[in-house]
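S.K.: Okay, here's the structure, questions in a sec.
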Amino acid sequence: MAEEISVPIVGGSMTIDTLKQEHSELLEQIKTHREHCGEFFDNEDELQDTLAPIEQDPESYVNGTIKTRPILKKYATYLCDKMDLESRIDASAEALRDVDLTPQQVKADMKHYVSLCEKKIASQQALCEQLQEQVKTHREHCGEFFDNEDELQDTLAPIEQDPESYVNGTIKTRPILKKYATYLCDKKDLESRIDASAEALRDVNLTPQQVKADMKHYDSLCEKKIASQQALCEQLQEQLKQLTETVLLLATPDKGISKLSMAMNMKLTSVENILLNSHINCLEEKDIFFTTSTKSIEKLLLWGANIDLKRSMYIRVPGRNSQGKLTIKNKAGTPIELDDTKKHYIPLNIHANRSGSGVYDIGPYNTNELPFVYQMLCSRYYERIKRKEDFIYGGQLP
């Protein structure tokens, strides 16, 4: 009795007999599901007319290129599984057969392989031509909604450059334009499959030098794709950051100041940039107090901000203890020594003429910077030398 030979395939070590058993079970499932589909049709001819195109090209129904009902999509899935299993059986059988092949048989096999590749390429090219015609027809249909060709081209150009972003929802657009992007993605996918088949055909007679050059080209393509995906990931992370900061801003009491001032005060830079670069002038008179950068100041000045605006303020100036360290009292009145290794925020109570007042934090600053900051903020600066304790200073912003 001949010894059974096992063939290693992806997913484990399985024999051809096991694969054939799986194939028989899958055929039974397909038969049962086909009969189930027949319950929704009046007769066999109507069922056959519906299933024939699915049996001819099940992949298009599984990947969504052709839309259909869930029960028919499941039938297409069974067919794709059957095709995959049959290819694995063929590969396993070839692996067993190739053990004792003569050079002539290897050459015949290669010729057969080339023939199959050429047929596959011809079939894919024909499908690509049909898809190209669909793209052209849909483009003409889109043109009916625009006044002229230039307006249509300006709208479609970014979609043609990056259709995937419109299909996956990264960039929102109208349904008719999203469908155009879908056609372009399908065309791009089919062209890549054609290129892969052509490369497989060309690889039959490649020299080691050509294989090395191909691998280098493949590495380059992978690096570009990774860079593109990283850029998209960074873009999504930035959008998530904007959304998170926007929610945080909306959930925080405004303390009598504008949302722009709140964003500046809370260091929500992404929201601040959105508000500053919007087409709506959302300036309020106190915004100039909370600017965090030169660009913010420039934008507010373009909106007409009053850089000489004055408001009453109260600020708690720190004193020094016996060791010469800066201290400030907490709410309980206990002096707290400021850590020289850390930076500290200055609480600033600003009184407005009409819209009330609020306490805001500015900074942070280290202990060496604090005295100069107080001098800059206040028109007059006092420090109690004798008592060496902090006090409330009342004055105006310069």
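Ligands are numbered from 1 in the order shown, chains are lettered A, B, ... in the order of the structure tokens, and residues start at 1 in each chain.
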If we count only C-alpha atoms and set the cut-off at 9 Å, which residues sit around segment 118-121 of chain A, ignoring sequence neighbours fewer than 2 positions away in its own chain? Please answer as a PyMOL selection string.
M.R.: chain A and resi 113-116+123-126+193-195+197-198+201
S.K.: Could you write out the selected residues, including N, CA and C atoms, as a short mmCIF file (atom, residue, chain, number, x, y, z; two decimals), in the first residue's frame?
M.R.:
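As a result, again_6.cif now contains:
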```cif
data_model
loop_
_atom_site.label_atom_id
_atom_site.label_comp_id
_atom_site.auth_asym_id
_atom_site.auth_seq_id
_atom_site.Cartn_x
_atom_site.Cartn_y
_atom_site.Cartn_z
N TYR A 113 0.94 27.32 -18.25
CA TYR A 113 0.81 28.45 -17.32
C TYR A 113 0.77 29.77 -18.06
N VAL A 114 1.65 29.91 -19.06
CA VAL A 114 1.68 31.13 -19.87
C VAL A 114 0.35 31.32 -20.60
N SER A 115 -0.18 30.23 -21.12
CA SER A 115 -1.46 30.29 -21.83
C SER A 115 -2.58 30.76 -20.91
N LEU A 116 -2.60 30.23 -19.68
CA LEU A 116 -3.62 30.65 -18.72
C LEU A 116 -3.49 32.13 -18.36
N SER A 123 -9.08 38.60 -20.57
CA SER A 123 -10.38 38.75 -19.92
C SER A 123 -10.43 40.02 -19.06
N GLN A 124 -9.36 40.28 -18.32
CA GLN A 124 -9.32 41.47 -17.47
C GLN A 124 -9.29 42.75 -18.31
N GLN A 125 -8.57 42.72 -19.43
CA GLN A 125 -8.52 43.89 -20.30
C GLN A 125 -9.89 44.20 -20.89
N ALA A 126 -10.63 43.15 -21.27
CA ALA A 126 -11.98 43.35 -21.80
C ALA A 126 -12.89 43.97 -20.73
N ARG A 193 -4.68 44.59 -11.06
CA ARG A 193 -4.75 43.15 -11.27
C ARG A 193 -4.19 42.76 -12.63
N ILE A 194 -4.45 43.59 -13.63
CA ILE A 194 -3.88 43.34 -14.97
C ILE A 194 -2.36 43.41 -14.91
N ASP A 195 -1.86 44.43 -14.22
CA ASP A 195 -0.40 44.58 -14.08
C ASP A 195 0.20 43.37 -13.36
N SER A 197 -1.01 40.30 -13.29
CA SER A 197 -1.04 39.15 -14.21
C SER A 197 0.06 39.26 -15.26
N ALA A 198 0.26 40.49 -15.76
CA ALA A 198 1.31 40.70 -16.76
C ALA A 198 2.69 40.45 -16.16
N LEU A 201 3.28 36.78 -15.85
CA LEU A 201 3.63 36.21 -17.15
C LEU A 201 5.07 36.54 -17.52
#
```
S.K.: Can you tell me, as a ChimeraX atom specification, what residues are no more than 10 Å from segment 135-137 of chain A when counting only C-alpha atoms, ignoring any on the same chain fewer than 4 positions away?
M.R.: /A:129-131,141-143,179-184,186-187
S.K.: Running DSSP on the backbone, which parts of segment 12-55 of chain A land in alpha helix (DSSP H), as a PyMOL selection string?
M.R.: chain A and resi 16-38+44-55
S.K.: Go through A:Leu248, A:Tyr166, A:Leu275, A:Phe40 and flag the residue nearest Leu260 of chain A, using only C-alpha atoms for the distances.
M.R.: A:Leu275
S.K.: Would you mind telling me which residue in A:Glu199, A:Glu160, A:Glu337, A:Glu39 lies nearest to Met215 of chain A when using only C-alpha atoms?
M.R.: A:Glu199
S.K.: Write out as a list in words the residues lying within 12 Å of Lys295 of chain A, counting only C-alpha atoms and excluding same-chain residues fewer than 2 positions away.
M.R.: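 Listed by chain and then number, they are Thr269, Glu272, Asn273, Leu276, Asn277, Ile288, Thr291, Thr292, Ser293, Ile297, Glu298, Lys299, Leu300, Leu301 and Leu302 of chain A.
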S.K.: List the neighbours of Ile30 of chain A out to 10 Å using only C-alpha atoms; skip same-chain residues closer than 3 positions along the sequence, and give me the result as a list in words.
M.R.: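 Near neighbours after the sequence-gap exclusion: Ser24, Glu25, Leu26, Leu27, His33, Arg34, Glu35, His36, Lys74, Tyr75, Ala76, Thr77, Tyr78, Leu79 and Lys82 of chain A.
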S.K.: Considering only C-alpha atoms, return as a list in words whatever protein or nucleic-acid residues lie within 10 Å of Lys20 of chain A, sequence-local ones (same chain, fewer than 3 positions apart) excluded.
M.R.: Thr15, Ile16, Asp17, His23, Ser24, Glu25, Leu26, Leu85, Glu86, Arg88 and Ile89 of chain A
S.K.: Could the residues in this selection be written to a file with N, CA and C atoms, as a PDB file, in the first residue's frame?
M.R.:
```pdb
ATOM      1  N   THR A  15      -3.767  16.965   3.455  1.00  0.00           N
ATOM      2  CA  THR A  15      -3.644  16.091   2.293  1.00  0.00           C
ATOM      3  C   THR A  15      -4.642  16.492   1.234  1.00  0.00           C
ATOM      4  N   ILE A  16      -4.408  16.018   0.018  1.00  0.00           N
ATOM      5  CA  ILE A  16      -5.340  16.304  -1.074  1.00  0.00           C
ATOM      6  C   ILE A  16      -6.701  15.690  -0.778  1.00  0.00           C
ATOM      7  N   ASP A  17      -6.697  14.523  -0.154  1.00  0.00           N
ATOM      8  CA  ASP A  17      -7.971  13.881   0.177  1.00  0.00           C
ATOM      9  C   ASP A  17      -8.810  14.758   1.106  1.00  0.00           C
ATOM     10  N   HIS A  23     -14.143  20.082  -0.442  1.00  0.00           N
ATOM     11  CA  HIS A  23     -14.745  20.497  -1.707  1.00  0.00           C
ATOM     12  C   HIS A  23     -16.124  19.859  -1.880  1.00  0.00           C
ATOM     13  N   SER A  24     -16.237  18.581  -1.549  1.00  0.00           N
ATOM     14  CA  SER A  24     -17.528  17.878  -1.661  1.00  0.00           C
ATOM     15  C   SER A  24     -18.570  18.495  -0.729  1.00  0.00           C
ATOM     16  N   GLU A  25     -18.159  18.833   0.493  1.00  0.00           N
ATOM     17  CA  GLU A  25     -19.075  19.453   1.450  1.00  0.00           C
ATOM     18  C   GLU A  25     -19.524  20.831   0.960  1.00  0.00           C
ATOM     19  N   LEU A  26     -18.576  21.565   0.356  1.00  0.00           N
ATOM     20  CA  LEU A  26     -18.906  22.897  -0.151  1.00  0.00           C
ATOM     21  C   LEU A  26     -19.874  22.808  -1.330  1.00  0.00           C
ATOM     22  N   LEU A  85     -10.826  26.877  -3.190  1.00  0.00           N
ATOM     23  CA  LEU A  85     -10.520  25.512  -2.778  1.00  0.00           C
ATOM     24  C   LEU A  85     -10.025  24.680  -3.957  1.00  0.00           C
ATOM     25  N   GLU A  86     -10.621  24.881  -5.114  1.00  0.00           N
ATOM     26  CA  GLU A  86     -10.185  24.153  -6.309  1.00  0.00           C
ATOM     27  C   GLU A  86      -8.765  24.533  -6.703  1.00  0.00           C
ATOM     28  N   ARG A  88      -6.464  25.495  -4.637  1.00  0.00           N
ATOM     29  CA  ARG A  88      -5.580  24.869  -3.648  1.00  0.00           C
ATOM     30  C   ARG A  88      -5.409  23.375  -3.939  1.00  0.00           C
ATOM     31  N   ILE A  89      -6.483  22.731  -4.386  1.00  0.00           N
ATOM     32  CA  ILE A  89      -6.374  21.317  -4.755  1.00  0.00           C
ATOM     33  C   ILE A  89      -5.441  21.150  -5.947  1.00  0.00           C
TER      34      ILE A  89
END
```
S.K.: In Å, rounded to a single decimal, give me how far atom CA of Thr207 of chain A is from atom CA of Lys107 of chain A.
M.R.: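 Atom CA of Lys107 of chain A sits 16.7 Å away from atom CA of Thr207 of chain A.
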S.K.: Would you compute the distance between atom CA of Ile176 of chain A and atom CA of Asp49 of chain A? Give it in Å to one decimal.
M.R.: 29.5 Å
S.K.: What is the atom CA of Lys178 of chain A-atom CA of Ser60 of chain A distance in Å, reported with one decimal?
M.R.: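 So the answer is 18.7 Å.
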S.K.: Rank nothing, just name the residue among A:Val62, A:Leu326, A:Leu152, A:Leu19 nearest to Asp90 of chain A, using only C-alpha atoms.
M.R.: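 That would be A:Leu19, the residue with the smallest distance to Asp90 of chain A.
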S.K.: Pick from A:Gly169, A:Thr50, A:Glu284, A:Thr246: nearest to Ser258 of chain A, with only C-alpha atoms counted?
M.R.: A:Glu284
S.K.: May I ask which of the residues A:Thr170, A:Gln242, A:Thr367, A:Gln104 is the closest one to Lys325 of chain A, counting only C-alpha atoms?
M.R.: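 Distance minimum relative to Lys325 of chain A lands on A:Thr367.
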